[in-house]
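Input: a single structure, listed below in structure tokens.
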Amino acid sequence: MPRILIVDDEPTILNLLNKILTGQGYDTTPASNGEKALQLLQTESFDLMISDINMTPVNGMELLKKASESYANMGVIMLTAYGTVGTAVEAMKKGAFDYITKPFKLDELVLTVQRALEYHNALTENKTLKARLEHQDQLEGIVAESAGMRKVCDMVERVAPTNATVLVYGESGTGKELVARALHRYSPRKDKTFMAVNCAALPAALMESEMFGHVKGAFTGASSTKIGLFETAHGGTLFLDEISSMPLDIQSKLLRVLQDKKIRKVGGSDHTEVDVRIIAASNEKLENLIEQGKFREDLYYRLSVISIDIPPLRSRPEDILPLIDHTLRREIAPNTEPPLLDRETQEILDNYNWPGNVRELENAIQHALTFVQNGVITKETLPAKIVDAVEEGIRSGVITSRREQFKGKSLKAFLHDKEKEFLKRTIENMSGDKEKAAEELGISLATLYRKMPQNLKN
Ligand SMILES: Nc1ncnc2c1ncn2[C@@H]1O[C@H](COP(=O)(O)OP(=O)(O)OP(=O)(O)O)[C@@H](O)[C@H]1O
Ligand SMILES: [Mg+2]
């Protein structure tokens with residue numbers, strides 16, 4: 001029988017949780033504050049801890065820290081008051097499985113507990129996705145050689161089994177929809193519907209009825225009742241693509257649905273309960289749109305419980321060749337060998353800066369496959385735009401081609417240059433935050449400064 005430690009300094013909540021979970025057949029141990037929980041953790045072992053965040057003197061975050069340091073196999077669910085979700089998100093980043101806002105719904109609690117136990121069970125038994133993935137080193141269908149992309153995959157793996165709303169950021173063509181689909185595929189909702197809606201492609205006037213449905217006669221032309229996307233996606237995932245294009249009035253309606261978990265059809269008066277996980281994507285930072293009055297701040301907070309940033313392809317060149325290989329294998333007939341790329345072509349593709357990211361790369365490969373001869377992809381088969389851009393870049397010195405980099409240099413000098421390039425990119429990936437970059441690189445801040453290229457030391 002799974003053992004659950006419940007920690008809350010509000011006696012009513014503690015008793016309520018205890019009663020519900022005992023009723024579900026769990027072996028529960030209540031602790032009325034963080035200190036008592038710490039004592040219990042030292043002498044007994046639990047499968048799951050449910051802890052309030054706001055407690056004194058030992059608060060939920062400290063308990064979480066202790067748990068992730070010493071009891072890695074114990075799942076943790078945080079309880080948080082509505083309005084302090086920010087801390088809960090922090091907690092998930094630090095290893096909590098999920099969080100529940102107070103007041104909570106019975107079925108939400110029971111489901112989250114079940115899921116956390118299943119997930120952590122799987123972790124202990126080493127059967128989980130995570131174990132499989134570590135072996136395979138990536139999520140199925142997602143190329144992730146670079147550290148930046150591996151981080152994205154780690155996040156996907158961590159948050160997929162939860163119900164948390166996810167906001168995916170990335171330039172056009174970086175793989176936002178791919179990530180959204182992976183979040184669905186690796187979630188308990190995987191056998192239910194994944195619905196994608198492009199908010200930029202839907203006319204504003206139609207959006208409400210598309211999303212929530214309408215009743216017969218709701219407006220001219222509404223000749224029958226229509227089920228909206230939310231209802232269609234019931235039990236599954238709804239992907240709101242280009243959420244930045246959603247008109248403000250629909251934003252308010254969406255916010256209400258996210259809060260109440262109920263929808264009302266256009267022209268109707270009944271409310272229908274819906275259970276839908278939301279994943280949104282944008283290529284613009286919503287914070288900027290809030291400032292311009294184009295996006296509701298409260299909706300932003302609801303949506304961005306977890307946000308995943310996909311770096312542009314030019315900042316993760318390690319992924320370029322593996323992506324080419326992946327695309328080639330996908331495009332050719334099964335059980336045939338993909339054509340080879342000659343050295344020059346590889347170099348061009350490797351040095352191009354890919355403003356259209358992975359989508360542009362896929363198009364380039366399709367282009368090449370159309371013109372390929374004798375099983376070798378040469379530069380003549382590539383879109384001229386790409387070849388010209390790289391050749392011009394090399395001529396004007398903006399790009400040092402990789403072959404040039406090797407020429408007349410000692411190995412030491414070469415490695416030194418590579419190290420600088422790597423540091424620079426890591427710092428860029430961390431949006432200039434040098435402390436974070438040092439952490440990512442596993443070196444001290446002082447070492448980072450010592451090794452850093454001069455132009456970055458400001
Ligand atoms: N890391 C990756 N591994 C494999 N394929 C990828 C990867 N990233 C992107 N792709 C592929 O690139 C194409 C574009 O990806 P996707 O449609 O998810 O991008 P997007 O960010 O939604 O783009 P847009 O902003 O244009 O809508 C897809 O065919 C996708 O499968
Ligand atoms: Mg897309």
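Scheme for the structure tokens: letters A, B, ... for chains in order shown; per-chain residue numbers from 1; ligand numbers from 1 in order shown.
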Item to check | helix (DSSP H, G or I) residues, from DSSP on the backbone, in range 52-110 of chain A, as a VMD selection string | outcome: chain A and resid 60 to 70 85 to 93 106 to 110
Saved selection, atoms kept: C-alpha atoms, as a short mmCIF file (atom, residue, chain, number, x, y, z; two decimals), in the first residue's frame:
data_model
loop_
_atom_site.label_atom_id
_atom_site.label_comp_id
_atom_site.auth_asym_id
_atom_site.auth_seq_id
_atom_site.Cartn_x
_atom_site.Cartn_y
_atom_site.Cartn_z
CA GLY A 60 7.41 23.41 1.70
CA MET A 61 10.29 24.48 -0.52
CA GLU A 62 12.80 23.44 2.13
CA LEU A 63 11.05 20.10 2.48
CA LEU A 64 11.18 19.69 -1.28
CA LYS A 65 14.90 20.44 -1.29
CA LYS A 66 15.49 17.85 1.41
CA ALA A 67 13.34 15.36 -0.44
CA SER A 68 15.11 15.76 -3.75
CA GLU A 69 18.53 15.54 -2.07
CA SER A 70 17.91 12.53 0.13
CA VAL A 85 1.21 29.69 -8.43
CA GLY A 86 4.59 31.25 -9.27
CA THR A 87 6.21 29.51 -6.30
CA ALA A 88 4.58 26.23 -7.29
CA VAL A 89 6.10 26.51 -10.73
CA GLU A 90 9.46 27.13 -9.11
CA ALA A 91 8.82 23.96 -7.12
CA MET A 92 8.18 21.94 -10.27
CA LYS A 93 11.43 23.17 -11.70
CA LEU A 106 -11.64 15.98 -4.99
CA ASP A 107 -11.10 14.26 -8.34
CA GLU A 108 -8.21 16.56 -9.20
CA LEU A 109 -6.49 15.59 -5.96
CA VAL A 110 -7.10 11.88 -6.39
#
Taking 3 positions as the minimum chain separation for residues in the same chain, which residues sit within 12 Å of Glu287 in chain A when counting only C-alpha atoms? Answer as a PDB file with N, CA, C and O atoms, in the first residue's frame.
ATOM      1  N   TYR A 169       7.760  28.544 -26.558  1.00  0.00           N
ATOM      2  CA  TYR A 169       8.280  29.670 -27.329  1.00  0.00           C
ATOM      3  C   TYR A 169       9.310  29.195 -28.335  1.00  0.00           C
ATOM      4  O   TYR A 169      10.056  28.259 -28.050  1.00  0.00           O
ATOM      5  N   SER A 244      -0.614  34.519 -29.523  1.00  0.00           N
ATOM      6  CA  SER A 244      -0.475  35.982 -29.489  1.00  0.00           C
ATOM      7  C   SER A 244      -1.495  36.663 -30.401  1.00  0.00           C
ATOM      8  O   SER A 244      -1.801  37.834 -30.235  1.00  0.00           O
ATOM      9  N   SER A 282       3.908  30.412 -29.114  1.00  0.00           N
ATOM     10  CA  SER A 282       4.034  31.769 -29.633  1.00  0.00           C
ATOM     11  C   SER A 282       5.456  31.990 -30.101  1.00  0.00           C
ATOM     12  O   SER A 282       6.393  31.414 -29.561  1.00  0.00           O
ATOM     13  N   ASN A 283       5.623  32.804 -31.154  1.00  0.00           N
ATOM     14  CA  ASN A 283       6.998  33.145 -31.508  1.00  0.00           C
ATOM     15  C   ASN A 283       7.369  34.536 -31.008  1.00  0.00           C
ATOM     16  O   ASN A 283       8.474  34.996 -31.195  1.00  0.00           O
ATOM     17  N   GLU A 284       6.424  35.169 -30.336  1.00  0.00           N
ATOM     18  CA  GLU A 284       6.713  36.456 -29.713  1.00  0.00           C
ATOM     19  C   GLU A 284       6.592  36.291 -28.215  1.00  0.00           C
ATOM     20  O   GLU A 284       5.724  35.562 -27.744  1.00  0.00           O
ATOM     21  N   ILE A 290       1.871  42.172 -23.473  1.00  0.00           N
ATOM     22  CA  ILE A 290       1.133  42.664 -22.289  1.00  0.00           C
ATOM     23  C   ILE A 290       1.384  44.157 -22.165  1.00  0.00           C
ATOM     24  O   ILE A 290       0.470  44.934 -21.972  1.00  0.00           O
ATOM     25  N   GLU A 291       2.662  44.540 -22.316  1.00  0.00           N
ATOM     26  CA  GLU A 291       3.006  45.954 -22.218  1.00  0.00           C
ATOM     27  C   GLU A 291       2.253  46.786 -23.249  1.00  0.00           C
ATOM     28  O   GLU A 291       1.836  47.902 -22.979  1.00  0.00           O
ATOM     29  N   GLN A 292       2.060  46.209 -24.419  1.00  0.00           N
ATOM     30  CA  GLN A 292       1.350  46.951 -25.471  1.00  0.00           C
ATOM     31  C   GLN A 292      -0.163  46.835 -25.344  1.00  0.00           C
ATOM     32  O   GLN A 292      -0.902  47.299 -26.211  1.00  0.00           O
ATOM     33  N   GLY A 293      -0.620  46.192 -24.305  1.00  0.00           N
ATOM     34  CA  GLY A 293      -2.067  46.054 -24.083  1.00  0.00           C
ATOM     35  C   GLY A 293      -2.741  45.067 -25.022  1.00  0.00           C
ATOM     36  O   GLY A 293      -3.955  45.079 -25.189  1.00  0.00           O
ATOM     37  N   LYS A 294      -1.941  44.181 -25.631  1.00  0.00           N
ATOM     38  CA  LYS A 294      -2.526  43.239 -26.590  1.00  0.00           C
ATOM     39  C   LYS A 294      -2.724  41.859 -25.999  1.00  0.00           C
ATOM     40  O   LYS A 294      -3.271  40.972 -26.645  1.00  0.00           O
ATOM     41  N   PHE A 295      -2.195  41.653 -24.794  1.00  0.00           N
ATOM     42  CA  PHE A 295      -2.403  40.341 -24.178  1.00  0.00           C
ATOM     43  C   PHE A 295      -2.726  40.520 -22.706  1.00  0.00           C
ATOM     44  O   PHE A 295      -2.140  41.351 -22.021  1.00  0.00           O
ATOM     45  N   ARG A 296      -3.695  39.741 -22.236  1.00  0.00           N
ATOM     46  CA  ARG A 296      -4.122  39.853 -20.835  1.00  0.00           C
ATOM     47  C   ARG A 296      -3.072  39.221 -19.924  1.00  0.00           C
ATOM     48  O   ARG A 296      -2.698  38.082 -20.095  1.00  0.00           O
ATOM     49  N   GLU A 297      -2.677  40.020 -18.911  1.00  0.00           N
ATOM     50  CA  GLU A 297      -1.652  39.543 -18.005  1.00  0.00           C
ATOM     51  C   GLU A 297      -2.128  38.320 -17.219  1.00  0.00           C
ATOM     52  O   GLU A 297      -1.396  37.330 -17.034  1.00  0.00           O
ATOM     53  N   ASP A 298      -3.410  38.334 -16.782  1.00  0.00           N
ATOM     54  CA  ASP A 298      -3.900  37.210 -15.973  1.00  0.00           C
ATOM     55  C   ASP A 298      -3.935  35.915 -16.788  1.00  0.00           C
ATOM     56  O   ASP A 298      -3.628  34.841 -16.288  1.00  0.00           O
ATOM     57  N   LEU A 299      -4.253  36.035 -18.064  1.00  0.00           N
ATOM     58  CA  LEU A 299      -4.250  34.845 -18.916  1.00  0.00           C
ATOM     59  C   LEU A 299      -2.822  34.338 -19.095  1.00  0.00           C
ATOM     60  O   LEU A 299      -2.544  33.145 -19.043  1.00  0.00           O
ATOM     61  N   TYR A 300      -1.919  35.302 -19.263  1.00  0.00           N
ATOM     62  CA  TYR A 300      -0.504  34.947 -19.409  1.00  0.00           C
ATOM     63  C   TYR A 300      -0.043  34.104 -18.218  1.00  0.00           C
ATOM     64  O   TYR A 300       0.599  33.069 -18.382  1.00  0.00           O
ATOM     65  N   TYR A 301      -0.404  34.540 -16.994  1.00  0.00           N
ATOM     66  CA  TYR A 301       0.031  33.782 -15.818  1.00  0.00           C
ATOM     67  C   TYR A 301      -0.575  32.391 -15.786  1.00  0.00           C
ATOM     68  O   TYR A 301       0.041  31.434 -15.361  1.00  0.00           O
ATOM     69  N   SER A 304       1.335  30.319 -18.609  1.00  0.00           N
ATOM     70  CA  SER A 304       2.788  30.119 -18.572  1.00  0.00           C
ATOM     71  C   SER A 304       3.228  29.405 -17.308  1.00  0.00           C
ATOM     72  O   SER A 304       4.300  29.664 -16.796  1.00  0.00           O
TER      73      SER A 304
END
Checklist entry - If we count only C-alpha atoms, what is near Pro311 in chain A at a cut-off of 7 Å, once residues fewer than 2 positions away on the same chain are taken out, given as number ranges by chain? => result A: 148, 170, 309, 313, 315
Item to check | Within 9 Å of ligand 1, counting only C-alpha atoms and all ligand atoms, residues as a PyMOL selection string | outcome: chain A and resi 140-145+149+168-181+198+241-242+281-283+310+313+319+322-323+326-327+356-362
Just N, CA and C atoms for this one: save the residues we selected as a compact mmCIF listing (two decimals), in the first residue's frame.
# COMPACT_ATOMS: atom_id res chain seq x y z
N GLU A 140 11.43 10.23 -28.92
CA GLU A 140 11.22 9.66 -30.24
C GLU A 140 10.83 10.75 -31.25
N GLY A 141 11.52 10.78 -32.36
CA GLY A 141 11.18 11.73 -33.41
C GLY A 141 11.72 13.13 -33.21
N ILE A 142 12.42 13.37 -32.10
CA ILE A 142 12.99 14.70 -31.89
C ILE A 142 14.51 14.60 -31.86
N VAL A 143 15.14 15.25 -32.83
CA VAL A 143 16.60 15.25 -32.86
C VAL A 143 17.10 16.24 -31.81
N ALA A 144 17.97 15.78 -30.95
CA ALA A 144 18.45 16.66 -29.87
C ALA A 144 19.89 16.31 -29.54
N GLU A 145 20.81 16.78 -30.36
CA GLU A 145 22.23 16.57 -30.09
C GLU A 145 22.76 17.67 -29.20
N MET A 149 18.77 21.71 -27.01
CA MET A 149 17.63 20.89 -27.40
C MET A 149 17.44 19.74 -26.40
N VAL A 168 4.92 27.21 -25.17
CA VAL A 168 6.13 26.88 -25.94
C VAL A 168 6.53 28.10 -26.77
N TYR A 169 7.76 28.54 -26.56
CA TYR A 169 8.28 29.67 -27.33
C TYR A 169 9.31 29.19 -28.34
N GLY A 170 9.38 29.86 -29.46
CA GLY A 170 10.44 29.56 -30.41
C GLY A 170 10.16 30.30 -31.70
N GLU A 171 11.25 30.63 -32.40
CA GLU A 171 11.08 31.28 -33.71
C GLU A 171 10.31 30.34 -34.64
N SER A 172 9.88 30.89 -35.74
CA SER A 172 9.16 30.10 -36.72
C SER A 172 10.00 28.91 -37.19
N GLY A 173 9.39 27.74 -37.20
CA GLY A 173 10.07 26.55 -37.72
C GLY A 173 11.02 25.86 -36.76
N THR A 174 11.01 26.25 -35.48
CA THR A 174 11.95 25.63 -34.53
C THR A 174 11.44 24.31 -33.96
N GLY A 175 10.14 24.03 -34.13
CA GLY A 175 9.63 22.74 -33.62
C GLY A 175 8.62 22.88 -32.50
N LYS A 176 7.88 24.00 -32.47
CA LYS A 176 6.92 24.21 -31.38
C LYS A 176 5.80 23.17 -31.41
N GLU A 177 5.29 22.91 -32.61
CA GLU A 177 4.21 21.93 -32.70
C GLU A 177 4.73 20.52 -32.39
N LEU A 178 5.93 20.27 -32.82
CA LEU A 178 6.56 18.97 -32.55
C LEU A 178 6.63 18.73 -31.04
N VAL A 179 7.05 19.78 -30.31
CA VAL A 179 7.15 19.68 -28.85
C VAL A 179 5.75 19.52 -28.23
N ALA A 180 4.78 20.27 -28.75
CA ALA A 180 3.42 20.17 -28.21
C ALA A 180 2.89 18.75 -28.40
N ARG A 181 3.14 18.18 -29.55
CA ARG A 181 2.66 16.81 -29.80
C ARG A 181 3.38 15.80 -28.90
N ASN A 198 -4.89 27.03 -34.95
CA ASN A 198 -4.01 28.15 -35.23
C ASN A 198 -4.79 29.45 -35.07
N ASP A 241 -2.08 27.37 -31.09
CA ASP A 241 -0.90 27.85 -31.81
C ASP A 241 -1.04 29.35 -32.08
N GLU A 242 0.07 30.04 -32.06
CA GLU A 242 0.09 31.50 -32.29
C GLU A 242 -0.93 32.19 -31.40
N ALA A 281 1.44 28.09 -28.00
CA ALA A 281 2.73 28.40 -28.61
C ALA A 281 2.74 29.82 -29.12
N SER A 282 3.91 30.41 -29.11
CA SER A 282 4.03 31.77 -29.63
C SER A 282 5.46 31.99 -30.10
N ASN A 283 5.62 32.80 -31.15
CA ASN A 283 7.00 33.15 -31.51
C ASN A 283 7.37 34.54 -31.01
N ILE A 310 12.40 27.04 -27.18
CA ILE A 310 13.19 26.27 -28.14
C ILE A 310 14.20 27.21 -28.79
N LEU A 313 17.84 27.43 -34.53
CA LEU A 313 18.81 26.44 -35.02
C LEU A 313 20.22 27.01 -35.10
N ASP A 319 23.02 20.35 -34.01
CA ASP A 319 21.83 19.64 -34.46
C ASP A 319 21.70 19.59 -35.98
N PRO A 322 22.75 16.07 -37.77
CA PRO A 322 21.78 15.03 -37.37
C PRO A 322 20.36 15.28 -37.90
N LEU A 323 19.97 16.55 -38.00
CA LEU A 323 18.64 16.85 -38.54
C LEU A 323 18.57 16.50 -40.03
N HIS A 326 18.23 12.82 -40.25
CA HIS A 326 16.88 12.46 -39.83
C HIS A 326 15.87 12.73 -40.96
N THR A 327 16.01 13.91 -41.58
CA THR A 327 15.08 14.29 -42.65
C THR A 327 15.26 13.39 -43.87
N GLY A 356 14.95 30.36 -41.18
CA GLY A 356 13.67 29.66 -41.12
C GLY A 356 13.76 28.35 -40.32
N ASN A 357 14.89 28.20 -39.62
CA ASN A 357 15.09 27.08 -38.70
C ASN A 357 14.88 25.70 -39.33
N VAL A 358 14.35 24.75 -38.55
CA VAL A 358 14.29 23.36 -39.01
C VAL A 358 13.38 23.21 -40.24
N ARG A 359 12.33 24.03 -40.28
CA ARG A 359 11.46 23.91 -41.45
C ARG A 359 12.22 24.26 -42.73
N GLU A 360 13.05 25.29 -42.66
CA GLU A 360 13.82 25.69 -43.83
C GLU A 360 14.82 24.58 -44.20
N LEU A 361 15.38 23.96 -43.17
CA LEU A 361 16.32 22.86 -43.41
C LEU A 361 15.61 21.69 -44.12
N GLU A 362 14.40 21.39 -43.66
CA GLU A 362 13.66 20.30 -44.30
C GLU A 362 13.35 20.64 -45.76
Checklist entry - Can you tell me, as a PyMOL selection string, what residues are no more than 12 Å from Glu435 in chain A when counting only C-alpha atoms, ignoring any on the same chain fewer than 5 positions away? => result chain A and resi 426-427+430+440-449
Go ahead and write the selection's residues with N, CA and C atoms as an mmCIF file, in the first residue's frame.
data_model
loop_
_atom_site.group_PDB
_atom_site.id
_atom_site.type_symbol
_atom_site.label_atom_id
_atom_site.label_comp_id
_atom_site.auth_asym_id
_atom_site.auth_seq_id
_atom_site.Cartn_x
_atom_site.Cartn_y
_atom_site.Cartn_z
ATOM 1 N N THR A 426 27.012 29.364 -24.969
ATOM 2 C CA THR A 426 26.315 29.024 -23.726
ATOM 3 C C THR A 426 25.804 30.294 -23.048
ATOM 4 N N ILE A 427 26.643 31.318 -23.028
ATOM 5 C CA ILE A 427 26.227 32.578 -22.413
ATOM 6 C C ILE A 427 25.023 33.149 -23.165
ATOM 7 N N MET A 430 21.875 31.400 -22.314
ATOM 8 C CA MET A 430 21.367 31.763 -20.990
ATOM 9 C C MET A 430 20.988 33.250 -20.975
ATOM 10 N N GLU A 440 25.663 25.905 -15.916
ATOM 11 C CA GLU A 440 25.404 24.977 -17.018
ATOM 12 C C GLU A 440 26.697 24.260 -17.457
ATOM 13 N N LEU A 441 27.795 25.033 -17.446
ATOM 14 C CA LEU A 441 29.063 24.487 -17.917
ATOM 15 C C LEU A 441 29.780 23.683 -16.841
ATOM 16 N N GLY A 442 29.275 23.794 -15.618
ATOM 17 C CA GLY A 442 29.908 23.067 -14.522
ATOM 18 C C GLY A 442 31.261 23.651 -14.131
ATOM 19 N N ILE A 443 31.415 24.981 -14.306
ATOM 20 C CA ILE A 443 32.662 25.630 -13.875
ATOM 21 C C ILE A 443 32.302 26.821 -12.990
ATOM 22 N N SER A 444 33.290 27.350 -12.264
ATOM 23 C CA SER A 444 32.981 28.487 -11.392
ATOM 24 C C SER A 444 32.854 29.748 -12.240
ATOM 25 N N LEU A 445 32.223 30.741 -11.637
ATOM 26 C CA LEU A 445 32.045 32.007 -12.344
ATOM 27 C C LEU A 445 33.416 32.616 -12.661
ATOM 28 N N ALA A 446 34.340 32.468 -11.716
ATOM 29 C CA ALA A 446 35.688 33.020 -11.919
ATOM 30 C C ALA A 446 36.363 32.373 -13.123
ATOM 31 N N THR A 447 36.227 31.064 -13.226
ATOM 32 C CA THR A 447 36.823 30.352 -14.375
ATOM 33 C C THR A 447 36.174 30.827 -15.668
ATOM 34 N N LEU A 448 34.852 31.003 -15.607
ATOM 35 C CA LEU A 448 34.148 31.468 -16.807
ATOM 36 C C LEU A 448 34.722 32.802 -17.261
ATOM 37 N N TYR A 449 34.898 33.727 -16.297
ATOM 38 C CA TYR A 449 35.422 35.044 -16.642
ATOM 39 C C TYR A 449 36.823 34.950 -17.223
#
Checklist entry - What lies within 7 Å of Val76 in chain A using only C-alpha atoms, ignoring chain neighbours under 6 positions off, as a VMD selection string? => result chain A and resid 48 to 50 96 to 97
Item to check | From A:Lys424, A:Lys190, A:Lys102, A:Arg185, residue lying nearest Thr80 in chain A [only C-alpha atoms] | outcome: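 The shortest atom-to-atom distance to Thr80 in chain A comes from A:Lys102.
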Checklist entry - When DSSP works through the backbone of this structure, what residues of range 212-372 of chain A end up as strand (DSSP E), shown as JSON, numbers by chain? => result {"A": [213, 214, 226, 227, 237, 238, 239, 240, 241, 262, 263, 264, 271, 272, 273, 277, 278, 279, 280, 281, 282, 306, 307, 308, 309, 340, 341]}
Next on the checklist: Can you tell me which residues surround range 230-232 of chain A at a distance of at most 9 Å, considering only C-alpha atoms, apart from same-chain residues fewer than 6 positions away, and format the answer as a list in words?
Outcome noted: Thr193, Met195, Glu210, Met211, Phe212, Gly213, Leu238, Ile263, Thr272, Glu273, Val274, Asp275 and Val276 of chain A
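Counting from CA of Ile6 in chain A, the distance to CA of Ala160 in chain A is 24.6 Å.
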Checklist entry - Which residue out of A:Glu35, A:Cys199, A:Asp191, A:Gln42 has the minimum interatomic distance to ligand 2 when only C-alpha atoms and all ligand atoms are used? => result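 Comparing A:Glu35, A:Cys199, A:Asp191, A:Gln42 against ligand 2, the winner is A:Cys199.
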If you count only C-alpha atoms, which residues fall within 6 Å of range 366-379 of chain A, apart from same-chain ones fewer than 2 positions away, as a compact mmCIF listing (two decimals) with N, CA, C and O atoms, in the first residue's frame?
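selection10.txt, written as the output of this step:
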# COMPACT_ATOMS: atom_id res chain seq x y z
N PRO A 339 20.95 9.21 -49.72
CA PRO A 339 22.10 9.69 -50.48
C PRO A 339 23.12 10.34 -49.54
O PRO A 339 22.78 10.72 -48.43
N LEU A 340 24.36 10.44 -50.01
CA LEU A 340 25.41 11.05 -49.20
C LEU A 340 25.50 12.52 -49.52
O LEU A 340 25.08 12.98 -50.58
N LEU A 341 26.10 13.27 -48.60
CA LEU A 341 26.34 14.69 -48.88
C LEU A 341 27.84 14.85 -49.10
O LEU A 341 28.63 14.33 -48.30
N ASP A 342 28.21 15.55 -50.17
CA ASP A 342 29.65 15.72 -50.32
C ASP A 342 30.13 16.76 -49.30
O ASP A 342 29.35 17.46 -48.68
N THR A 345 29.01 20.44 -49.58
CA THR A 345 27.60 20.64 -49.26
C THR A 345 27.38 20.62 -47.74
O THR A 345 26.68 21.46 -47.19
N ASN A 363 12.99 21.88 -46.00
CA ASN A 363 12.71 22.29 -47.38
C ASN A 363 13.95 22.18 -48.25
O ASN A 363 13.87 21.76 -49.41
N ALA A 364 15.10 22.56 -47.68
CA ALA A 364 16.35 22.50 -48.44
C ALA A 364 16.65 21.05 -48.82
O ALA A 364 17.09 20.76 -49.94
N THR A 381 22.53 20.99 -55.93
CA THR A 381 21.15 20.54 -55.66
C THR A 381 20.49 21.38 -54.55
O THR A 381 19.30 21.24 -54.31
N LEU A 382 21.27 22.23 -53.90
CA LEU A 382 20.71 23.03 -52.80
C LEU A 382 20.02 24.27 -53.34
O LEU A 382 20.33 24.75 -54.43
Next on the checklist: Under the rule that only C-alpha atoms and all ligand atoms are counted, which of A:Ala196, A:Met207, A:Ile394, A:Leu321 is the nearest residue to ligand 2?
Outcome noted: A:Ala196
Checklist outcome for this item: Between CA of Thr56 in chain A and CA of Ser32 in chain A lies a distance of 10.8 Å
Item to check | Which of A:Pro2, A:Asp98, A:Glu10, A:Leu139 sits closest to Asn121 in chain A [using only C-alpha atoms] | outcome: A:Pro2
Item to check | Length of the CA of Val159 in chain A to CA of Arg256 in chain A vector [Å] | outcome: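 CA of Arg256 in chain A lies 23.5 Å from CA of Val159 in chain A.
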Checklist entry - In terms of the shortest atom-to-atom distance over only C-alpha atoms and all ligand atoms, which of A:Ile227, A:Ala280, A:Leu5, A:Thr22 is closest to ligand 2? => result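 Selected residue with least distance to ligand 2: A:Ala280.
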